[in-house]
>>> print(open('start-v2.txt').read())   # compact mmCIF, C-alpha atoms and all ligand atoms
# COMPACT_ATOMS: atom_id res chain seq x y z
CA MET A 17 -17.18 5.83 22.76
CA THR A 18 -18.53 2.83 20.82
CA ASN A 19 -16.39 1.10 18.20
CA THR A 20 -18.75 2.26 15.45
CA LYS A 21 -18.38 5.86 16.59
CA ILE A 22 -14.57 5.51 16.73
CA ILE A 23 -14.54 4.22 13.14
CA GLU A 24 -16.87 7.01 11.98
CA GLU A 25 -14.72 9.69 13.58
CA THR A 26 -11.60 8.16 12.05
CA ILE A 27 -13.16 8.08 8.58
CA ARG A 28 -14.03 11.73 8.94
CA PHE A 29 -10.49 12.62 10.03
CA VAL A 30 -8.85 10.63 7.21
CA LYS A 31 -11.12 12.10 4.52
CA GLU A 32 -10.30 15.59 5.76
CA THR A 33 -6.55 14.92 5.97
CA LEU A 34 -6.38 13.42 2.48
CA LYS A 35 -8.30 16.19 0.72
CA GLY A 36 -6.40 16.96 -2.48
CA ALA A 37 -4.13 13.91 -2.14
CA GLU A 38 -2.63 12.40 -5.28
CA GLY A 39 -4.81 9.74 -6.96
CA GLY A 40 -2.91 6.67 -5.78
CA HIS A 41 -3.06 7.67 -2.14
CA ASP A 42 -6.39 9.41 -1.78
CA TRP A 43 -9.42 8.55 0.33
CA PHE A 44 -10.54 5.96 -2.21
CA HIS A 45 -7.28 4.02 -1.79
CA ILE A 46 -7.99 3.99 1.94
CA GLN A 47 -11.58 2.92 1.35
CA ARG A 48 -10.46 0.00 -0.85
CA VAL A 49 -7.82 -1.08 1.68
CA PHE A 50 -10.41 -0.82 4.47
CA ASN A 51 -12.83 -3.01 2.49
CA ASN A 52 -10.09 -5.54 1.65
CA THR A 53 -9.14 -5.57 5.33
CA LEU A 54 -12.67 -6.39 6.48
CA LEU A 55 -12.92 -9.11 3.82
CA ILE A 56 -9.67 -10.80 4.87
CA ALA A 57 -10.35 -10.29 8.59
CA LYS A 58 -13.48 -12.45 8.30
CA ASP A 59 -11.24 -15.51 7.92
CA GLU A 60 -8.66 -14.51 10.54
CA LYS A 61 -8.56 -14.31 14.31
CA VAL A 62 -7.90 -10.61 14.68
CA ASP A 63 -9.11 -7.59 16.58
CA VAL A 64 -11.42 -5.96 14.05
CA LEU A 65 -11.12 -2.51 15.63
CA VAL A 66 -7.31 -2.62 15.42
CA VAL A 67 -7.23 -3.71 11.75
CA SER A 68 -9.93 -1.19 10.84
CA LEU A 69 -8.11 1.75 12.42
CA ALA A 70 -4.76 0.68 10.98
CA ALA A 71 -6.25 0.36 7.48
CA LEU A 72 -7.88 3.78 7.75
CA LEU A 73 -4.79 5.53 9.12
CA HIS A 74 -1.96 3.71 7.28
CA ASP A 75 -1.34 6.35 4.59
CA ILE A 76 -2.27 9.70 6.16
CA ALA A 77 1.25 11.06 5.65
CA ASP A 78 3.18 9.01 3.10
CA ALA A 79 6.94 9.45 3.62
CA LYS A 80 7.37 9.92 -0.15
CA PHE A 81 5.61 13.25 0.23
CA TYR A 82 7.28 14.30 3.50
CA ASP A 83 10.92 14.33 2.38
CA GLY A 84 11.30 10.65 3.25
CA ASP A 85 10.32 11.25 6.87
CA GLU A 86 8.68 7.99 7.97
CA THR A 87 7.77 9.23 11.43
CA VAL A 88 5.16 11.83 10.41
CA GLY A 89 2.35 9.35 9.61
CA PRO A 90 2.58 7.23 12.77
CA LYS A 91 2.81 10.39 14.90
CA MET A 92 -0.28 11.93 13.27
CA ALA A 93 -2.19 8.69 13.78
CA ALA A 94 -1.19 8.48 17.45
CA ASP A 95 -2.11 12.11 18.08
CA PHE A 96 -5.47 11.64 16.44
CA LEU A 97 -6.32 8.43 18.31
CA SER A 98 -5.39 10.09 21.61
CA THR A 99 -8.17 12.61 21.03
CA LEU A 100 -10.69 9.74 20.90
CA GLN A 101 -9.79 8.39 24.33
CA VAL A 102 -9.15 4.86 23.15
CA GLU A 103 -6.93 2.46 25.10
CA LYS A 104 -3.21 3.22 25.04
CA GLN A 105 -2.42 -0.38 24.12
CA LEU A 106 -4.68 -0.20 21.09
CA ILE A 107 -3.06 3.04 19.92
CA GLU A 108 0.36 1.44 20.32
CA HIS A 109 -0.65 -1.56 18.20
CA VAL A 110 -2.17 0.57 15.43
CA VAL A 111 0.96 2.75 15.32
CA GLN A 112 3.23 -0.29 15.10
CA ILE A 113 1.21 -1.60 12.17
CA ILE A 114 1.52 1.73 10.35
CA GLU A 115 5.27 1.78 10.96
CA ASN A 116 5.78 -1.71 9.62
CA ILE A 117 3.30 -2.03 6.77
CA SER A 118 5.33 -0.78 3.82
CA PHE A 119 7.16 -2.78 1.19
CA LYS A 120 10.36 -1.01 2.23
CA SER A 121 10.08 -2.04 5.85
CA SER A 122 9.39 -5.62 4.73
CA LEU A 123 12.75 -5.44 2.91
CA ASP A 124 14.50 -4.54 6.16
CA SER A 125 16.33 -7.53 7.54
CA LYS A 126 15.73 -6.51 11.15
CA LYS A 127 12.01 -7.05 11.30
CA ARG A 128 10.85 -5.05 14.23
CA PHE A 129 7.29 -6.04 14.83
CA SER A 130 4.77 -8.64 13.78
CA SER A 131 1.15 -9.45 14.57
CA GLN A 132 -1.72 -11.16 12.80
CA GLU A 133 -3.40 -7.74 12.58
CA LEU A 134 -0.35 -6.32 10.75
CA LYS A 135 -0.43 -9.27 8.34
CA VAL A 136 -4.08 -8.67 7.47
CA VAL A 137 -3.70 -4.94 6.79
CA GLN A 138 -0.47 -5.50 4.88
CA ASP A 139 -2.23 -8.00 2.60
CA ALA A 140 -5.13 -5.58 2.10
CA ASP A 141 -2.73 -2.77 1.12
CA ARG A 142 -0.75 -5.04 -1.20
CA LEU A 143 -3.91 -6.14 -2.99
CA ASP A 144 -4.54 -2.52 -3.95
CA ALA A 145 -1.08 -2.35 -5.54
CA ILE A 146 -1.79 -5.21 -7.97
CA GLY A 147 -4.47 -6.11 -10.53
CA ALA A 148 -6.37 -3.51 -12.54
CA ILE A 149 -6.22 -0.93 -9.75
CA GLY A 150 -2.54 -1.61 -9.19
CA ILE A 151 -1.84 -0.96 -12.88
CA ALA A 152 -3.75 2.33 -12.73
CA ARG A 153 -1.86 3.39 -9.59
CA ALA A 154 1.55 2.55 -11.03
CA PHE A 155 1.00 4.67 -14.15
CA ASN A 156 -0.58 7.41 -12.10
CA TYR A 157 2.47 7.51 -9.83
CA GLY A 158 4.79 7.45 -12.85
CA GLY A 159 2.88 10.35 -14.40
CA TYR A 160 3.05 12.29 -11.16
CA LYS A 161 6.84 11.78 -11.21
CA ASN A 162 7.06 12.52 -14.94
CA ARG A 163 8.40 9.04 -15.78
CA GLU A 164 8.35 7.31 -19.14
CA LEU A 165 5.72 4.59 -19.59
CA TYR A 166 8.31 2.14 -20.84
CA ASN A 167 11.80 2.25 -22.33
CA PRO A 168 13.34 -0.92 -23.78
CA ASP A 169 16.83 0.53 -23.15
CA ILE A 170 16.28 0.73 -19.39
CA PRO A 171 15.78 -2.81 -18.09
CA PRO A 172 14.26 -3.47 -14.65
CA ASN A 173 16.79 -3.68 -11.84
CA LEU A 174 15.93 -6.25 -9.20
CA LYS A 175 19.04 -5.63 -7.13
CA MET A 176 18.50 -2.01 -6.13
CA THR A 177 19.15 -0.94 -2.57
CA LYS A 178 16.47 0.99 -0.70
CA GLU A 179 18.25 4.26 -1.45
CA GLU A 180 18.70 3.53 -5.16
CA TYR A 181 15.06 2.47 -5.41
CA LYS A 182 13.92 5.78 -3.95
CA LYS A 183 16.06 7.78 -6.36
CA SER A 184 15.36 5.64 -9.39
CA LYS A 185 13.88 7.46 -12.39
CA ALA A 186 12.98 4.21 -14.09
CA PRO A 187 9.97 3.93 -16.42
CA SER A 188 6.67 2.91 -14.83
CA LEU A 189 6.67 -0.49 -16.51
CA ASN A 190 9.82 -1.48 -14.62
CA HIS A 191 7.87 -1.17 -11.39
CA PHE A 192 5.89 -4.27 -12.38
CA TYR A 193 9.08 -6.36 -12.38
CA GLU A 194 10.71 -4.61 -9.43
CA LYS A 195 7.70 -4.78 -7.13
CA LEU A 196 4.21 -5.57 -8.37
CA LEU A 197 4.83 -9.08 -9.73
CA LEU A 198 6.67 -10.00 -6.53
CA LEU A 199 3.78 -9.18 -4.23
CA LYS A 200 1.72 -12.35 -4.70
CA ASP A 201 4.47 -14.43 -3.07
CA LYS A 202 4.64 -12.06 -0.13
CA MET A 203 1.02 -12.41 0.90
CA ASN A 204 0.51 -13.49 4.51
CA THR A 205 -3.02 -14.89 4.72
CA ASP A 206 -4.83 -17.61 2.77
CA SER A 207 -7.61 -15.33 1.56
CA GLY A 208 -5.06 -12.66 0.67
CA LYS A 209 -3.10 -15.22 -1.38
CA LYS A 210 -6.21 -16.30 -3.28
CA LEU A 211 -7.23 -12.76 -4.17
CA ALA A 212 -3.64 -11.86 -5.12
CA GLU A 213 -3.35 -14.84 -7.48
CA LYS A 214 -6.30 -13.58 -9.56
CA ARG A 215 -4.96 -10.04 -9.74
CA HIS A 216 -1.47 -11.33 -10.57
CA GLN A 217 -2.78 -13.30 -13.57
CA PHE A 218 -4.54 -10.18 -14.79
CA MET A 219 -1.26 -8.22 -14.69
CA LEU A 220 0.51 -10.95 -16.68
CA GLU A 221 -2.20 -10.77 -19.36
CA TYR A 222 -1.94 -7.00 -19.34
CA LEU A 223 1.83 -7.10 -19.85
CA GLU A 224 1.52 -9.60 -22.69
CA GLN A 225 -0.89 -7.31 -24.50
CA PHE A 226 1.23 -4.24 -23.68
CA PHE A 227 4.29 -5.74 -25.42
CA LYS A 228 2.23 -6.95 -28.39
CA GLU A 229 0.94 -3.42 -28.91
CA TRP A 230 4.37 -1.92 -28.28
CA ASN A 231 5.83 -4.11 -31.01
CA GLY A 232 2.96 -3.38 -33.37
CA ASN A 233 1.57 -6.88 -33.59
CA ALA A 234 -1.80 -6.53 -31.96
P1 LIG B 301 1.21 2.01 -0.51
O1 LIG B 301 1.64 3.10 0.40
O2 LIG B 301 -0.21 2.10 -0.86
O3 LIG B 301 1.56 0.66 -0.01
P2 LIG B 301 3.32 2.97 -2.18
O4 LIG B 301 3.37 4.21 -1.41
O5 LIG B 301 4.54 2.11 -2.18
O6 LIG B 301 2.05 2.10 -1.82
O7 LIG B 301 2.98 3.35 -3.65
C1 LIG B 301 1.75 3.88 -4.02
C2 LIG B 301 1.38 3.44 -5.40
O8 LIG B 301 2.33 3.97 -6.31
C3 LIG B 301 1.43 1.93 -5.51
O9 LIG B 301 0.38 1.45 -6.29
C4 LIG B 301 2.77 1.68 -6.16
O10 LIG B 301 2.78 0.53 -6.94
C5 LIG B 301 2.98 2.91 -6.98
N1 LIG B 301 4.42 3.19 -7.09
C6 LIG B 301 5.31 3.35 -6.09
N2 LIG B 301 6.56 3.52 -6.58
C7 LIG B 301 6.44 3.45 -7.92
C8 LIG B 301 7.34 3.56 -9.04
N3 LIG B 301 8.64 3.74 -8.84
N4 LIG B 301 6.83 3.45 -10.28
C9 LIG B 301 5.52 3.27 -10.49
N5 LIG B 301 4.61 3.16 -9.50
C10 LIG B 301 5.05 3.25 -8.25
NI NI B 302 -1.51 2.19 1.12
>>> encode(input="start-v2.txt", output="structure tokens", more="lines below")
Ligand code: ADP
Ligand code: NI
Amino acid sequence: MTNTKIIEETIRFVKETLKGAEGGHDWFHIQRVFNNTLLIAKDEKVDVLVVSLAALLHDIADAKFYDGDETVGPKMAADFLSTLQVEKQLIEHVVQIIENISFKSSLDSKKRFSSQELKVVQDADRLDAIGAIGIARAFNYGGYKNRELYNPDIPPNLKMTKEEYKKSKAPSLNHFYEKLLLLKDKMNTDSGKKLAEKRHQFMLEYLEQFFKEWNGNA
């Protein structure tokens, strides 16, 4: 099978799997991450097939929606890729990227796996969590979880453990301080850093205006 055909088949599988997915994790999130991946990959020495497949398959079964089970997604990806008769080594690499891409696994002290391909896809996924799209996704997620937009009596908590973070019922705006504003300093690649800087500035402007309006002086 040609690489183009492999990508086409994967797109078809991902679209089908994500039918009806919540707005922050639907096919269009995957499409944006895929596009960001190709953009960043242009400046990096990486295997384009590996980063493409990892980008397309990285969120097919988000643990948040599978009772915290982080093994479902990688397993589904591996099973799917096996049906395409691609090299075992390639499948292994894609699965390792999916297992290690999340913010939570980057918080783990025992870093299990690293590759330039992982760094590229991780940057691409992080870019979609910040800027205008990132803002939309954060409030969409908060709405899905029935969270408040903002509550001045519940300050952000930067010292939460993984478990506390998962259980936290904090307002959506706290997520900016607990995660989104920290992402620009976690970017791996030069082009990722540049793109993140722009989106970061936009979030700062957004927050400034948000508080002005909240306080009734805008
Ligand atoms: P991804 O899998 O795309 O890396 P996540 O699964 O961590 O991202 O989250 C999906 C989207 O929901 C992201 O844009 C993220 O910022 C947002 N999100 C996750 N947790 C929260 C939260 N506690 N409050 C608001 N938004 C959140
Ligand atoms: Ni994602």
>>> residues_around(input="start-v2.txt", residues="stretch 66-72 of chain A", least_positions_apart="4", cutoff="6 Å", atoms="only C-alpha atoms", output="list in words")
Ile46, Phe50, Val110, Glu133 and Val137 of chain A
>>> residues_near_ligand(input="start-v2.txt", ligand="ligand LIG 301 (chain B)", cutoff="9 Å", atoms="only C-alpha atoms and all ligand atoms", output="PyMOL selection string")
chain A and resi 39-41+45-46+49+74-75+78-80+117-120+138+141-142+144-146+149-159+161+163+181-192+194-196
>>> atom_distance(input="start-v2.txt", atom1="atom CA of A:Glu115", atom2="atom CA of A:Pro90")
6.3 Å
>>> closest_residue(input="start-v2.txt", among="A:Val88, A:Val111, A:Leu100, A:Ala140", to="A:Asn204", atoms="all atoms listed in the file")
A:Ala140
>>> axis_aligned_box(input="start-v2.txt", around="stretch 26-45 of chain A", padding_each_side="3 Å", output="lines of an AutoDock Vina configuration file")
center_x = -8.3
center_y = 10.5
center_z = 2.5
size_x = 17.4
size_y = 18.9
size_z = 25.0
>>> atom_distance(input="start-v2.txt", atom1="atom CA of A:Leu197", atom2="atom CA of A:Lys175")
14.9 Å
>>> atom_distance(input="start-v2.txt", atom1="atom CA of A:Leu34", atom2="atom CA of A:Ala77")
8.6 Å
>>> closest_residue(input="start-v2.txt", among="A:Ile113, A:Gly232, A:Val102, A:Met92", to="ligand NI 302 (chain B)", atoms="all atoms listed in the file")
A:Ile113
>>> residues_around(input="start-v2.txt", residues="A:Phe218", least_positions_apart="4", cutoff="9 Å", atoms="only C-alpha atoms", output="list in words")
Ile146, Gly147, Ala148, Glu213, Lys214, Tyr222 and Leu223 of chain A
>>> residues_near_point(input="start-v2.txt", point="(-6.7, 13.1, 2.8)", cutoff="9 Å", atoms="only C-alpha atoms", output="mmCIF file with C-alpha atoms, keeping the file's coordinate frame")
data_model
loop_
_atom_site.group_PDB
_atom_site.id
_atom_site.type_symbol
_atom_site.label_atom_id
_atom_site.label_comp_id
_atom_site.auth_asym_id
_atom_site.auth_seq_id
_atom_site.Cartn_x
_atom_site.Cartn_y
_atom_site.Cartn_z
ATOM 1 C CA PHE A 29 -10.490 12.620 10.030
ATOM 2 C CA VAL A 30 -8.850 10.630 7.210
ATOM 3 C CA LYS A 31 -11.120 12.100 4.520
ATOM 4 C CA GLU A 32 -10.300 15.590 5.760
ATOM 5 C CA THR A 33 -6.550 14.920 5.970
ATOM 6 C CA LEU A 34 -6.380 13.420 2.480
ATOM 7 C CA LYS A 35 -8.300 16.190 0.720
ATOM 8 C CA GLY A 36 -6.400 16.960 -2.480
ATOM 9 C CA ALA A 37 -4.130 13.910 -2.140
ATOM 10 C CA HIS A 41 -3.060 7.670 -2.140
ATOM 11 C CA ASP A 42 -6.390 9.410 -1.780
ATOM 12 C CA TRP A 43 -9.420 8.550 0.330
ATOM 13 C CA ASP A 75 -1.340 6.350 4.590
ATOM 14 C CA ILE A 76 -2.270 9.700 6.160
ATOM 15 C CA ALA A 77 1.250 11.060 5.650
#
